[in-house]
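Text of the file coords09.tsv, holding TSV, C-alpha atoms:
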chain	number	residue	atom	x	y	z
G	1	MET	CA	0.00	0.00	0.00
G	2	SER	CA	1.30	3.48	-0.84
G	3	ASP	CA	2.95	5.54	1.87
G	4	ASP	CA	0.44	8.26	0.99
G	5	LEU	CA	-2.25	6.31	2.85
G	6	LYS	CA	-2.10	7.19	6.52
G	7	PHE	CA	-3.79	4.53	8.64
G	8	THR	CA	-5.19	5.63	11.98
G	9	VAL	CA	-4.30	2.21	13.46
G	10	GLN	CA	-1.78	-0.38	12.36
G	11	ARG	CA	-3.85	-3.40	13.30
G	12	PRO	CA	-7.59	-3.93	13.73
G	13	PRO	CA	-9.27	-4.22	17.12
G	14	ALA	CA	-10.54	-7.54	18.44
G	15	TYR	CA	-13.91	-8.67	17.15
G	16	GLY	CA	-16.71	-7.07	19.12
G	17	GLU	CA	-14.52	-4.54	20.88
G	18	LEU	CA	-16.06	-1.06	21.16
G	19	THR	CA	-13.29	1.14	19.76
G	20	ASP	CA	-13.22	4.95	19.89
G	21	VAL	CA	-12.63	6.61	16.52
G	22	LEU	CA	-13.72	10.18	17.28
G	23	PRO	CA	-15.91	11.72	19.97
G	24	GLY	CA	-19.30	10.06	19.70
G	25	LEU	CA	-18.20	7.63	16.96
G	26	PHE	CA	-17.19	4.03	17.66
G	27	TRP	CA	-15.94	1.12	15.55
G	28	VAL	CA	-17.23	-2.44	16.00
G	29	ARG	CA	-15.46	-5.07	13.90
G	30	LEU	CA	-17.43	-8.28	13.34
G	31	PRO	CA	-16.32	-11.72	12.11
G	32	VAL	CA	-17.68	-12.94	8.78
G	33	PRO	CA	-17.45	-16.65	7.86
G	34	THR	CA	-16.69	-15.88	4.20
G	35	PRO	CA	-14.02	-13.67	2.58
G	36	PRO	CA	-12.98	-11.02	3.52
G	37	ASN	CA	-13.61	-12.50	7.01
G	38	HIS	CA	-14.83	-9.33	8.72
G	39	VAL	CA	-17.07	-6.27	8.37
G	40	ASN	CA	-16.72	-2.90	10.07
G	41	CYS	CA	-19.81	-1.33	11.64
G	42	TRP	CA	-20.00	2.22	12.97
G	43	LEU	CA	-21.87	3.15	16.13
G	44	LEU	CA	-22.80	6.80	16.62
G	45	ASP	CA	-23.91	8.38	19.89
G	46	ASN	CA	-27.13	10.36	19.41
G	47	GLY	CA	-27.19	11.48	23.04
G	48	THR	CA	-30.52	9.81	23.79
G	49	GLY	CA	-29.59	6.56	22.02
G	50	TRP	CA	-27.54	5.08	19.19
G	51	THR	CA	-27.39	4.99	15.42
G	52	LEU	CA	-25.70	1.92	13.91
G	53	VAL	CA	-24.35	1.96	10.35
G	54	ASP	CA	-24.53	-1.62	9.03
G	55	CYS	CA	-24.96	-4.57	11.40
G	56	GLY	CA	-23.36	-7.73	9.99
G	57	MET	CA	-24.71	-11.19	9.21
G	58	ASN	CA	-27.04	-13.41	11.22
G	59	THR	CA	-24.35	-15.77	12.51
G	60	ASP	CA	-24.10	-17.04	16.07
G	61	ASP	CA	-20.83	-15.14	16.58
G	62	ILE	CA	-22.31	-11.81	15.52
G	63	PHE	CA	-25.49	-12.39	17.51
G	64	GLU	CA	-23.41	-13.02	20.63
G	65	ILE	CA	-21.32	-9.89	20.06
G	66	TRP	CA	-24.32	-7.59	19.73
G	67	ASP	CA	-26.13	-9.32	22.57
G	68	GLY	CA	-23.12	-8.78	24.82
G	69	LEU	CA	-22.76	-5.12	23.85
G	70	TRP	CA	-26.43	-4.28	24.32
G	71	ARG	CA	-26.50	-6.04	27.68
G	72	GLY	CA	-23.21	-4.45	28.69
G	73	LEU	CA	-21.54	-1.22	27.55
G	74	LEU	CA	-24.53	-0.02	25.49
G	75	ARG	CA	-27.31	-1.01	27.86
G	76	SER	CA	-28.10	2.46	29.23
G	77	ARG	CA	-29.49	3.81	25.94
G	78	PRO	CA	-31.46	2.16	23.13
G	79	LEU	CA	-30.64	1.50	19.51
G	80	GLN	CA	-32.73	4.17	17.78
G	81	ASN	CA	-31.80	3.75	14.12
G	82	LEU	CA	-30.14	1.31	11.72
G	83	THR	CA	-28.68	3.05	8.68
G	84	PHE	CA	-27.32	0.94	5.81
G	85	THR	CA	-24.75	1.53	3.13
G	86	HIS	CA	-26.19	-1.32	1.07
G	87	ALA	CA	-28.07	-4.60	1.37
G	88	HIS	CA	-25.35	-7.20	0.88
G	89	LEU	CA	-25.63	-10.00	3.41
G	90	ASP	CA	-22.51	-9.16	5.42
G	91	HIS	CA	-23.91	-5.67	6.08
G	92	PHE	CA	-27.66	-6.30	6.27
G	93	GLY	CA	-28.24	-9.92	7.28
G	94	LEU	CA	-29.04	-9.35	10.97
G	95	ALA	CA	-31.23	-6.27	10.42
G	96	SER	CA	-34.62	-7.81	11.12
G	97	TYR	CA	-33.50	-9.28	14.42
G	98	LEU	CA	-32.20	-5.94	15.68
G	99	VAL	CA	-35.36	-4.17	14.51
G	100	LYS	CA	-37.55	-6.69	16.30
G	101	GLU	CA	-35.56	-6.46	19.52
G	102	SER	CA	-35.08	-2.68	19.66
G	103	LYS	CA	-38.06	-1.34	17.65
G	104	CYS	CA	-35.56	0.95	15.90
G	105	THR	CA	-36.14	2.65	12.56
G	106	VAL	CA	-34.27	1.64	9.39
G	107	ARG	CA	-32.80	3.92	6.72
G	108	LEU	CA	-31.40	2.99	3.32
G	109	PRO	CA	-31.88	3.84	-0.37
G	110	LEU	CA	-34.93	2.40	-2.12
G	111	ALA	CA	-32.97	0.32	-4.63
G	112	GLU	CA	-30.96	-1.25	-1.80
G	113	TRP	CA	-34.12	-2.21	0.14
G	114	LEU	CA	-35.58	-3.76	-3.01
G	115	ASN	CA	-32.30	-5.52	-3.77
G	116	GLY	CA	-32.25	-6.91	-0.24
G	117	TRP	CA	-35.64	-8.52	-0.83
G	118	LYS	CA	-34.57	-9.84	-4.23
G	119	MET	CA	-31.42	-11.43	-2.82
G	120	TRP	CA	-33.32	-12.90	0.12
G	121	HIS	CA	-35.77	-14.62	-2.23
G	122	GLU	CA	-32.88	-15.89	-4.37
G	123	ARG	CA	-31.08	-17.31	-1.33
G	124	GLU	CA	-34.24	-19.14	-0.33
G	125	GLU	CA	-34.25	-20.91	-3.68
G	126	ALA	CA	-31.80	-23.33	-5.26
G	127	PRO	CA	-29.82	-22.20	-8.35
G	128	ASP	CA	-32.52	-21.65	-10.92
G	129	GLU	CA	-33.22	-21.94	-14.61
G	130	GLN	CA	-33.08	-18.16	-15.01
G	131	PHE	CA	-29.38	-18.17	-14.12
G	132	ALA	CA	-28.79	-21.15	-16.42
G	133	SER	CA	-30.43	-19.15	-19.20
G	134	PHE	CA	-28.22	-16.16	-18.34
G	135	MET	CA	-25.11	-18.35	-18.66
G	136	ARG	CA	-26.25	-19.76	-22.00
G	137	GLN	CA	-27.09	-16.25	-23.20
G	138	ASN	CA	-23.48	-15.35	-22.48
G	139	GLY	CA	-21.88	-18.25	-24.29
G	140	ALA	CA	-21.98	-21.28	-21.98
G	141	SER	CA	-22.99	-24.56	-23.61
G	142	ASP	CA	-25.91	-26.53	-22.20
G	143	ASP	CA	-23.43	-29.01	-20.69
G	144	ALA	CA	-21.28	-26.27	-19.14
G	145	ALA	CA	-24.31	-24.47	-17.66
G	146	THR	CA	-25.61	-27.75	-16.22
G	147	ALA	CA	-22.21	-28.60	-14.71
G	148	ILE	CA	-21.81	-25.14	-13.17
G	149	LEU	CA	-25.27	-25.27	-11.61
G	150	ALA	CA	-24.64	-28.79	-10.32
G	151	ALA	CA	-21.52	-27.55	-8.53
G	152	GLN	CA	-23.49	-24.94	-6.56
G	153	ARG	CA	-24.71	-25.51	-3.03
G	154	ARG	CA	-27.30	-23.63	-1.06
G	155	SER	CA	-25.54	-21.18	1.22
G	156	LYS	CA	-25.52	-21.86	4.95
G	157	TYR	CA	-25.76	-18.12	5.53
G	158	LEU	CA	-29.15	-17.09	4.23
G	159	GLY	CA	-29.76	-13.92	6.20
G	160	LEU	CA	-33.03	-12.96	7.82
G	161	ARG	CA	-35.99	-11.61	5.92
G	162	PRO	CA	-35.37	-7.88	5.32
G	163	PRO	CA	-37.26	-5.32	7.41
G	164	ARG	CA	-40.71	-4.62	6.01
G	165	GLN	CA	-40.59	-0.88	6.76
G	166	PHE	CA	-37.85	1.66	6.18
G	167	ILE	CA	-37.12	5.35	5.71
G	168	ARG	CA	-35.87	6.08	2.22
G	169	ILE	CA	-32.66	8.10	1.87
G	170	ARG	CA	-31.62	9.71	-1.42
G	171	ASP	CA	-28.45	11.16	-2.90
G	172	GLY	CA	-27.84	14.62	-1.43
G	173	ASP	CA	-30.03	14.12	1.66
G	174	LEU	CA	-28.74	15.51	4.94
G	175	ILE	CA	-29.30	13.12	7.85
G	176	GLY	CA	-28.41	13.21	11.52
G	177	MET	CA	-26.22	10.49	12.99
G	178	GLY	CA	-24.41	10.80	16.31
G	179	GLN	CA	-24.97	14.56	16.76
G	180	ARG	CA	-23.34	15.22	13.41
G	181	GLU	CA	-24.90	16.07	10.06
G	182	TRP	CA	-24.06	13.74	7.19
G	183	ARG	CA	-24.61	14.12	3.46
G	184	VAL	CA	-25.76	11.00	1.61
G	185	ILE	CA	-23.75	10.11	-1.52
G	186	THR	CA	-25.27	7.27	-3.54
G	187	ALA	CA	-23.60	5.46	-6.42
G	188	GLY	CA	-23.84	2.31	-8.47
G	189	GLY	CA	-21.14	-0.14	-9.36
G	190	HIS	CA	-20.77	-2.43	-6.36
G	191	SER	CA	-24.50	-2.46	-5.63
G	192	PRO	CA	-27.49	-0.68	-7.20
G	193	GLU	CA	-27.69	2.43	-4.97
G	194	HIS	CA	-24.83	2.16	-2.49
G	195	ALA	CA	-24.83	4.93	0.11
G	196	SER	CA	-21.77	6.61	1.58
G	197	PHE	CA	-22.06	9.28	4.27
G	198	HIS	CA	-19.94	12.43	4.42
G	199	CYS	CA	-19.73	14.77	7.39
G	200	ASP	CA	-18.70	18.07	5.82
G	201	ASN	CA	-17.93	19.78	9.14
G	202	ASP	CA	-15.56	17.11	10.47
G	203	LYS	CA	-14.40	15.69	7.12
G	204	ILE	CA	-15.39	12.08	7.78
G	205	LEU	CA	-16.53	9.66	5.06
G	206	ILE	CA	-18.25	6.35	5.88
G	207	THR	CA	-17.70	4.55	2.58
G	208	GLY	CA	-19.25	1.10	3.01
G	209	ASP	CA	-17.77	-1.04	0.23
G	210	GLN	CA	-17.45	1.77	-2.33
G	211	VAL	CA	-13.90	2.64	-1.21
G	212	LEU	CA	-11.90	0.06	0.76
G	213	SER	CA	-8.42	0.40	2.21
G	214	HIS	CA	-6.88	-2.93	1.17
G	215	MET	CA	-9.28	-4.40	-1.37
G	216	THR	CA	-10.97	-3.56	-4.64
G	217	PRO	CA	-14.78	-3.77	-4.48
G	218	SER	CA	-16.37	-6.26	-6.85
G	219	VAL	CA	-18.22	-4.73	-9.81
G	220	MET	CA	-20.64	-7.14	-11.49
G	221	VAL	CA	-23.45	-7.12	-14.04
G	222	PRO	CA	-26.47	-8.80	-12.41
G	223	PRO	CA	-28.28	-11.56	-14.34
G	224	ALA	CA	-31.45	-9.47	-14.32
G	225	GLN	CA	-29.72	-6.63	-16.22
G	226	PRO	CA	-27.38	-8.08	-18.85
G	227	GLU	CA	-26.96	-4.70	-20.56
G	228	ALA	CA	-26.05	-2.80	-17.36
G	229	ASN	CA	-22.77	-0.89	-17.19
G	230	PRO	CA	-21.81	-0.96	-13.48
G	231	MET	CA	-18.13	-0.35	-14.26
G	232	LYS	CA	-18.97	3.08	-15.66
G	233	GLU	CA	-21.13	3.79	-12.62
G	234	TYR	CA	-18.29	2.79	-10.32
G	235	LEU	CA	-15.65	4.86	-12.12
G	236	ASP	CA	-18.03	7.83	-12.19
G	237	SER	CA	-18.45	7.48	-8.41
G	238	LEU	CA	-14.69	7.79	-7.95
G	239	THR	CA	-14.79	11.08	-9.87
G	240	ARG	CA	-17.48	12.40	-7.53
G	241	LEU	CA	-15.51	11.41	-4.44
G	242	GLU	CA	-12.40	13.15	-5.76
G	243	ALA	CA	-14.13	16.44	-4.91
G	244	LEU	CA	-13.96	15.69	-1.17
G	245	PRO	CA	-11.14	17.13	1.00
G	246	ALA	CA	-7.82	15.34	0.66
G	247	ASP	CA	-7.50	14.92	4.45
G	248	THR	CA	-10.90	13.25	4.84
G	249	LEU	CA	-10.96	10.42	7.39
G	250	VAL	CA	-12.21	7.36	5.48
G	251	LEU	CA	-14.13	4.68	7.42
G	252	PRO	CA	-14.47	1.63	5.14
G	253	SER	CA	-16.50	-1.53	5.72
G	254	HIS	CA	-13.46	-3.77	5.25
G	255	GLY	CA	-9.89	-2.98	6.19
G	256	LEU	CA	-8.63	-0.09	8.30
G	257	PRO	CA	-9.61	3.59	8.64
G	258	PHE	CA	-7.26	5.88	6.76
G	259	ARG	CA	-6.51	9.31	5.37
G	260	GLY	CA	-5.31	9.81	1.81
G	261	LEU	CA	-8.56	9.54	-0.12
G	262	PRO	CA	-7.18	10.99	-3.41
G	263	THR	CA	-4.42	8.38	-3.43
G	264	ARG	CA	-6.80	5.50	-2.82
G	265	LEU	CA	-9.24	6.72	-5.48
G	266	ALA	CA	-6.36	6.92	-7.97
G	267	GLN	CA	-5.28	3.38	-7.04
G	268	LEU	CA	-8.79	2.01	-7.53
G	269	ARG	CA	-9.19	3.76	-10.88
G	270	ALA	CA	-5.79	2.52	-12.08
G	271	HIS	CA	-6.68	-1.05	-11.05
G	272	HIS	CA	-9.92	-1.06	-13.00
G	273	LEU	CA	-8.40	0.57	-16.07
G	274	ALA	CA	-5.63	-2.05	-16.04
G	275	ARG	CA	-8.20	-4.84	-15.76
G	276	LEU	CA	-10.12	-3.37	-18.68
G	277	ASP	CA	-6.92	-3.55	-20.71
G	278	ASP	CA	-6.39	-7.14	-19.57
G	279	VAL	CA	-9.86	-8.16	-20.70
G	280	ALA	CA	-9.51	-6.28	-23.99
G	281	SER	CA	-6.24	-8.12	-24.66
G	282	VAL	CA	-7.95	-11.53	-24.59
G	283	VAL	CA	-10.68	-10.46	-27.01
G	284	THR	CA	-8.86	-11.13	-30.26
G	285	GLY	CA	-11.97	-12.17	-32.19
G	286	GLN	CA	-15.65	-12.69	-31.57
G	287	THR	CA	-16.03	-13.91	-28.00
G	288	THR	CA	-18.48	-14.21	-25.12
G	289	ALA	CA	-18.52	-13.53	-21.40
G	290	PHE	CA	-18.20	-17.27	-20.77
G	291	ALA	CA	-14.99	-17.42	-22.79
G	292	VAL	CA	-13.62	-14.39	-20.96
G	293	ALA	CA	-14.60	-15.89	-17.60
G	294	GLN	CA	-12.71	-19.06	-18.51
G	295	GLU	CA	-9.64	-17.01	-19.40
G	296	VAL	CA	-9.63	-14.23	-16.79
G	297	PHE	CA	-11.84	-15.39	-13.91
G	298	SER	CA	-11.30	-19.14	-14.15
G	299	ARG	CA	-10.93	-19.67	-10.38
G	300	ALA	CA	-14.39	-18.23	-9.74
G	301	LEU	CA	-16.21	-19.91	-12.62
G	302	TYR	CA	-17.40	-22.95	-10.64
G	303	ASP	CA	-16.94	-21.60	-7.09
G	304	ASN	CA	-18.79	-18.35	-7.73
G	305	PRO	CA	-20.23	-18.25	-11.25
G	306	ARG	CA	-22.28	-15.11	-10.57
G	307	GLN	CA	-19.05	-13.28	-9.87
G	308	ALA	CA	-17.21	-14.78	-12.84
G	309	PHE	CA	-19.98	-13.96	-15.32
G	310	GLY	CA	-20.86	-10.67	-13.63
G	311	GLU	CA	-17.31	-9.30	-13.59
G	312	SER	CA	-16.63	-10.52	-17.12
G	313	LEU	CA	-19.72	-8.73	-18.41
G	314	ALA	CA	-18.94	-5.61	-16.40
G	315	HIS	CA	-15.63	-5.29	-18.24
G	316	LEU	CA	-17.04	-6.25	-21.64
G	317	ASN	CA	-20.01	-3.89	-21.41
G	318	MET	CA	-17.72	-1.05	-20.35
G	319	LEU	CA	-15.33	-1.72	-23.24
G	320	ALA	CA	-18.28	-1.71	-25.62
G	321	SER	CA	-19.58	1.56	-24.17
G	322	ILE	CA	-16.27	3.35	-24.85
G	323	GLY	CA	-15.98	1.96	-28.38
G	324	ARG	CA	-13.22	-0.60	-27.89
G	325	LEU	CA	-15.55	-3.53	-28.58
G	326	THR	CA	-18.81	-4.03	-30.41
G	327	ARG	CA	-21.65	-5.92	-28.75
G	328	ASP	CA	-23.88	-8.17	-30.84
G	329	VAL	CA	-26.85	-10.42	-30.11
G	330	SER	CA	-27.34	-13.42	-32.40
G	331	ALA	CA	-30.65	-14.69	-33.73
G	332	THR	CA	-30.63	-17.25	-30.91
G	333	GLY	CA	-30.03	-14.57	-28.27
G	334	VAL	CA	-26.34	-15.22	-27.56
G	335	ILE	CA	-24.41	-12.07	-26.67
G	336	SER	CA	-20.92	-11.71	-28.14
G	337	PHE	CA	-18.20	-9.06	-28.35
G	338	THR	CA	-15.76	-8.27	-31.15
G	339	PRO	CA	-12.77	-5.91	-31.27
G	340	VAL	CA	-13.37	-2.67	-33.15
This entry written out as structure tokens:
Amino acid sequence: MSDDLKFTVQRPPAYGELTDVLPGLFWVRLPVPTPPNHVNCWLLDNGTGWTLVDCGMNTDDIFEIWDGLWRGLLRSRPLQNLTFTHAHLDHFGLASYLVKESKCTVRLPLAEWLNGWKMWHEREEAPDEQFASFMRQNGASDDAATAILAAQRRSKYLGLRPPRQFIRIRDGDLIGMGQREWRVITAGGHSPEHASFHCDNDKILITGDQVLSHMTPSVMVPPAQPEANPMKEYLDSLTRLEALPADTLVLPSHGLPFRGLPTRLAQLRAHHLARLDDVASVVTGQTTAFAVAQEVFSRALYDNPRQAFGESLAHLNMLASIGRLTRDVSATGVISFTPV
């Protein structure tokens, strides 16, 4: 990592430890049973109670951590609000339990709430014919699609049913959390309407997964939107964040808090541009997302086919949008890409 990133700590706190970040703002790091093995949640002191940004999965370990905190250090004041960056399981999976126990309100963007319901229904079902059709549409043979589906197993970590009620937040909204005012910044790319939260007065940015300290967020085309261009949305979001102060304190959902936002944004942009070049280099003739996934994302093709296909298409659709490839759909509905 570049020396231009200044980490506020050199190593993370223990799981479940209530760690001071700034006055009225605390860090709770939770274990996750899948990569990247943890998620950071942010607890903000409202004076009369607490706001929690993201809450982790519904695993026994995370349940025990929150149960211990609410019976111990946090017991004197209630959880008043759950605010979410996005609805991925490691951020959102325990939401309904906390809502039921505390009667707190929930805030998140509309597209994230809807996406949470969509993903919950998909997790309740086995791999389906719609995804098999998506694979065939993107170049997989019938045999390959069948083999990939056969290799999938229903996840042990399904998450709870999402909360039925919520308060919608939109890009540009000003919301109160922990006796500070925060501006909502929504963006696509990693998820449909990912929310980050910027405190202009104190120059703090809660980034969720949009900007991470040690990792590059995944950017995938979802099977329901094969023509989507999430890579453009993600790169556009980096441009927006470049307008924030250079000494902003960045609080990511994975990794460590840091300063040096311009450096990290430049690193993330350079990574994705290099990956676009890598994908373009393997497209020497007419090809499909399945062929690219075999070449570039081969490790994920059977372990995580949604990622392999989704990331392949994200790069191909972006390359087509900037004129480096042409995108064609055959009479049988197969999508292919050809160098310009």
With only C-alpha atoms counted and 9 Å as the cut-off, give the residues of stretch 152-216 of chain G in contact with stretch 89-105 of chain G, each with its shortest interatomic distance in Å and the pair that gives it, as a Markdown table.
| residue | atom | partner | partner_atom | distance |
| --- | --- | --- | --- | --- |
| G:Tyr157 | CA | G:Leu89 | CA | 8.4 |
| G:Leu158 | CA | G:Gly93 | CA | 7.8 |
| G:Gly159 | CA | G:Gly93 | CA | 4.4 |
| G:Leu160 | CA | G:Gly93 | CA | 5.7 |
| G:Arg161 | CA | G:Ser96 | CA | 6.6 |
| G:Pro162 | CA | G:Ser96 | CA | 5.8 |
| G:Pro163 | CA | G:Ser96 | CA | 5.2 |
| G:Arg164 | CA | G:Ser96 | CA | 8.6 |
| G:Gln165 | CA | G:Thr105 | CA | 8.1 |
| G:Phe166 | CA | G:Thr105 | CA | 6.7 |
| G:Ile167 | CA | G:Thr105 | CA | 7.4 |
| G:Gly208 | CA | G:His91 | CA | 8.8 |
- Skip G:Gly72 itself and residues of its chain fewer than 5 positions away, then list as a list in words all residues within 12 Å of it, counting all atoms listed in the file. Gly16, Glu17, Leu18, Glu64, Ile65, Trp66, Asp67, Arg77 and Pro78 of chain G
Could the centre and edge lengths of an axis-aligned box, enclosing all atoms of stretch 239-252 of chain G in the file with 5 Å extra on each side, be given in Å to one decimal as JSON?
{"center_x": -12.5, "center_y": 9.4, "center_z": -1.2, "size_x": 20.0, "size_y": 25.5, "size_z": 27.3}
- Message: Give me the residues near G:Ala308 as a list of chain:residue names, where near means some atom within 9 Å (using only C-alpha atoms) and where sequence neighbours in that chain fewer than 2 positions away do not count.
- Response: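 My list of contacting residues is G:Met220, G:Ala289, G:Phe290, G:Val292, G:Ala293, G:Gln294, G:Val296, G:Phe297, G:Ser298, G:Arg299, G:Ala300, G:Leu301, G:Tyr302, G:Asp303, G:Asn304, G:Pro305, G:Arg306, G:Gly310, G:Glu311, G:Ser312, G:Leu313.
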Selection from above, C-alpha atoms, as an mmCIF file, keeping the file's coordinate frame, can you write it?
data_model
loop_
_atom_site.group_PDB
_atom_site.id
_atom_site.type_symbol
_atom_site.label_atom_id
_atom_site.label_comp_id
_atom_site.auth_asym_id
_atom_site.auth_seq_id
_atom_site.Cartn_x
_atom_site.Cartn_y
_atom_site.Cartn_z
ATOM 1 C CA MET G 220 -20.640 -7.140 -11.490
ATOM 2 C CA ALA G 289 -18.520 -13.530 -21.400
ATOM 3 C CA PHE G 290 -18.200 -17.270 -20.770
ATOM 4 C CA VAL G 292 -13.620 -14.390 -20.960
ATOM 5 C CA ALA G 293 -14.600 -15.890 -17.600
ATOM 6 C CA GLN G 294 -12.710 -19.060 -18.510
ATOM 7 C CA VAL G 296 -9.630 -14.230 -16.790
ATOM 8 C CA PHE G 297 -11.840 -15.390 -13.910
ATOM 9 C CA SER G 298 -11.300 -19.140 -14.150
ATOM 10 C CA ARG G 299 -10.930 -19.670 -10.380
ATOM 11 C CA ALA G 300 -14.390 -18.230 -9.740
ATOM 12 C CA LEU G 301 -16.210 -19.910 -12.620
ATOM 13 C CA TYR G 302 -17.400 -22.950 -10.640
ATOM 14 C CA ASP G 303 -16.940 -21.600 -7.090
ATOM 15 C CA ASN G 304 -18.790 -18.350 -7.730
ATOM 16 C CA PRO G 305 -20.230 -18.250 -11.250
ATOM 17 C CA ARG G 306 -22.280 -15.110 -10.570
ATOM 18 C CA GLY G 310 -20.860 -10.670 -13.630
ATOM 19 C CA GLU G 311 -17.310 -9.300 -13.590
ATOM 20 C CA SER G 312 -16.630 -10.520 -17.120
ATOM 21 C CA LEU G 313 -19.720 -8.730 -18.410
#
- Item | Contacts of G:Arg324 at 9 Å (all atoms listed in the file; same-chain gap of 6+ positions) as a ChimeraX atom specification | /G:280,318,338-340
- Item | Nearest residue to G:Leu73 from the set G:Thr19, G:Thr59, G:Thr207, G:Thr48 (distances using all atoms listed in the file) |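 Among the listed residues, G:Thr19 lies closest to G:Leu73.
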- Query: Any idea what's packed within 10 Å of G:Lys6, counting all atoms listed in the file, ignoring anything in its chain fewer than 5 positions away? Could you give it as a ChimeraX atom specification?
  - Reply: /G:1,247,249,256-261
Please dump the current selection as a tab-separated table (two decimals), in the frame of the given file; keep C-alpha atoms.
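Written output follows (out_19.tsv):
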chain	number	residue	atom	x	y	z
G	1	MET	CA	0.00	0.00	0.00
G	247	ASP	CA	-7.50	14.92	4.45
G	249	LEU	CA	-10.96	10.42	7.39
G	256	LEU	CA	-8.63	-0.09	8.30
G	257	PRO	CA	-9.61	3.59	8.64
G	258	PHE	CA	-7.26	5.88	6.76
G	259	ARG	CA	-6.51	9.31	5.37
G	260	GLY	CA	-5.31	9.81	1.81
G	261	LEU	CA	-8.56	9.54	-0.12
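In this comparison, which uses all atoms listed in the file, the residue of G:Thr186, G:Ser213, G:Thr85, G:Ser281 approaching G:Arg240 most closely is G:Thr186.
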- Counting all atoms listed in the file, select every polymer residue within 10 Å of (-26.1, -13.7, -18.7) as defined in the file's coordinates, and provide the selection as a PyMOL selection string. chain G and resi 130-140+221-227+288-290+306+309-310+313+334-335
Export of the given selection (C-alpha atoms) as a PDB file, in the frame of the given file:
ATOM      1  CA  GLN G 130     -33.080 -18.160 -15.010  1.00  0.00           C
ATOM      2  CA  PHE G 131     -29.380 -18.170 -14.120  1.00  0.00           C
ATOM      3  CA  ALA G 132     -28.790 -21.150 -16.420  1.00  0.00           C
ATOM      4  CA  SER G 133     -30.430 -19.150 -19.200  1.00  0.00           C
ATOM      5  CA  PHE G 134     -28.220 -16.160 -18.340  1.00  0.00           C
ATOM      6  CA  MET G 135     -25.110 -18.350 -18.660  1.00  0.00           C
ATOM      7  CA  ARG G 136     -26.250 -19.760 -22.000  1.00  0.00           C
ATOM      8  CA  GLN G 137     -27.090 -16.250 -23.200  1.00  0.00           C
ATOM      9  CA  ASN G 138     -23.480 -15.350 -22.480  1.00  0.00           C
ATOM     10  CA  GLY G 139     -21.880 -18.250 -24.290  1.00  0.00           C
ATOM     11  CA  ALA G 140     -21.980 -21.280 -21.980  1.00  0.00           C
ATOM     12  CA  VAL G 221     -23.450  -7.120 -14.040  1.00  0.00           C
ATOM     13  CA  PRO G 222     -26.470  -8.800 -12.410  1.00  0.00           C
ATOM     14  CA  PRO G 223     -28.280 -11.560 -14.340  1.00  0.00           C
ATOM     15  CA  ALA G 224     -31.450  -9.470 -14.320  1.00  0.00           C
ATOM     16  CA  GLN G 225     -29.720  -6.630 -16.220  1.00  0.00           C
ATOM     17  CA  PRO G 226     -27.380  -8.080 -18.850  1.00  0.00           C
ATOM     18  CA  GLU G 227     -26.960  -4.700 -20.560  1.00  0.00           C
ATOM     19  CA  THR G 288     -18.480 -14.210 -25.120  1.00  0.00           C
ATOM     20  CA  ALA G 289     -18.520 -13.530 -21.400  1.00  0.00           C
ATOM     21  CA  PHE G 290     -18.200 -17.270 -20.770  1.00  0.00           C
ATOM     22  CA  ARG G 306     -22.280 -15.110 -10.570  1.00  0.00           C
ATOM     23  CA  PHE G 309     -19.980 -13.960 -15.320  1.00  0.00           C
ATOM     24  CA  GLY G 310     -20.860 -10.670 -13.630  1.00  0.00           C
ATOM     25  CA  LEU G 313     -19.720  -8.730 -18.410  1.00  0.00           C
ATOM     26  CA  VAL G 334     -26.340 -15.220 -27.560  1.00  0.00           C
ATOM     27  CA  ILE G 335     -24.410 -12.070 -26.670  1.00  0.00           C
TER      28      ILE G 335
END
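Minimum atom-to-atom distance to G:Asn201, evaluated using all atoms listed in the file, belongs to G:Leu244 out of G:Leu244, G:Leu238, G:Leu319, G:Val28.
Note that atom CA of G:Arg168 and atom CA of G:Leu110 are 5.8 Å apart.
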- Residue neighbourhood G:Ile206, 12 Å, all atoms listed in the file, exclusion window fewer than 5 positions, as a ChimeraX atom specification: /G:25,27,40-44,52-54,83-85,177,182-186,194-200,211-212,241,248-254,256-258,261
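Atom pair atom CA of G:Ala243 / atom CA of G:Ser191 has a distance of 21.6 Å (rounded to one decimal).
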- Item | Nearest to G:Glu129 by atom-to-atom distance, counting all atoms listed in the file, from G:Gln10, G:Gln210, G:Gln286, G:Thr146 |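 Of G:Gln10, G:Gln210, G:Gln286, G:Thr146, the one nearest G:Glu129, counting all atoms listed in the file, is G:Thr146.
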- Message: Can you measure atom CA of G:Asn115 to atom CA of G:Gly176 for me? One decimal in Å is fine.
- Response: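 According to the coordinates, atom CA of G:Asn115 and atom CA of G:Gly176 are separated by 24.5 Å.
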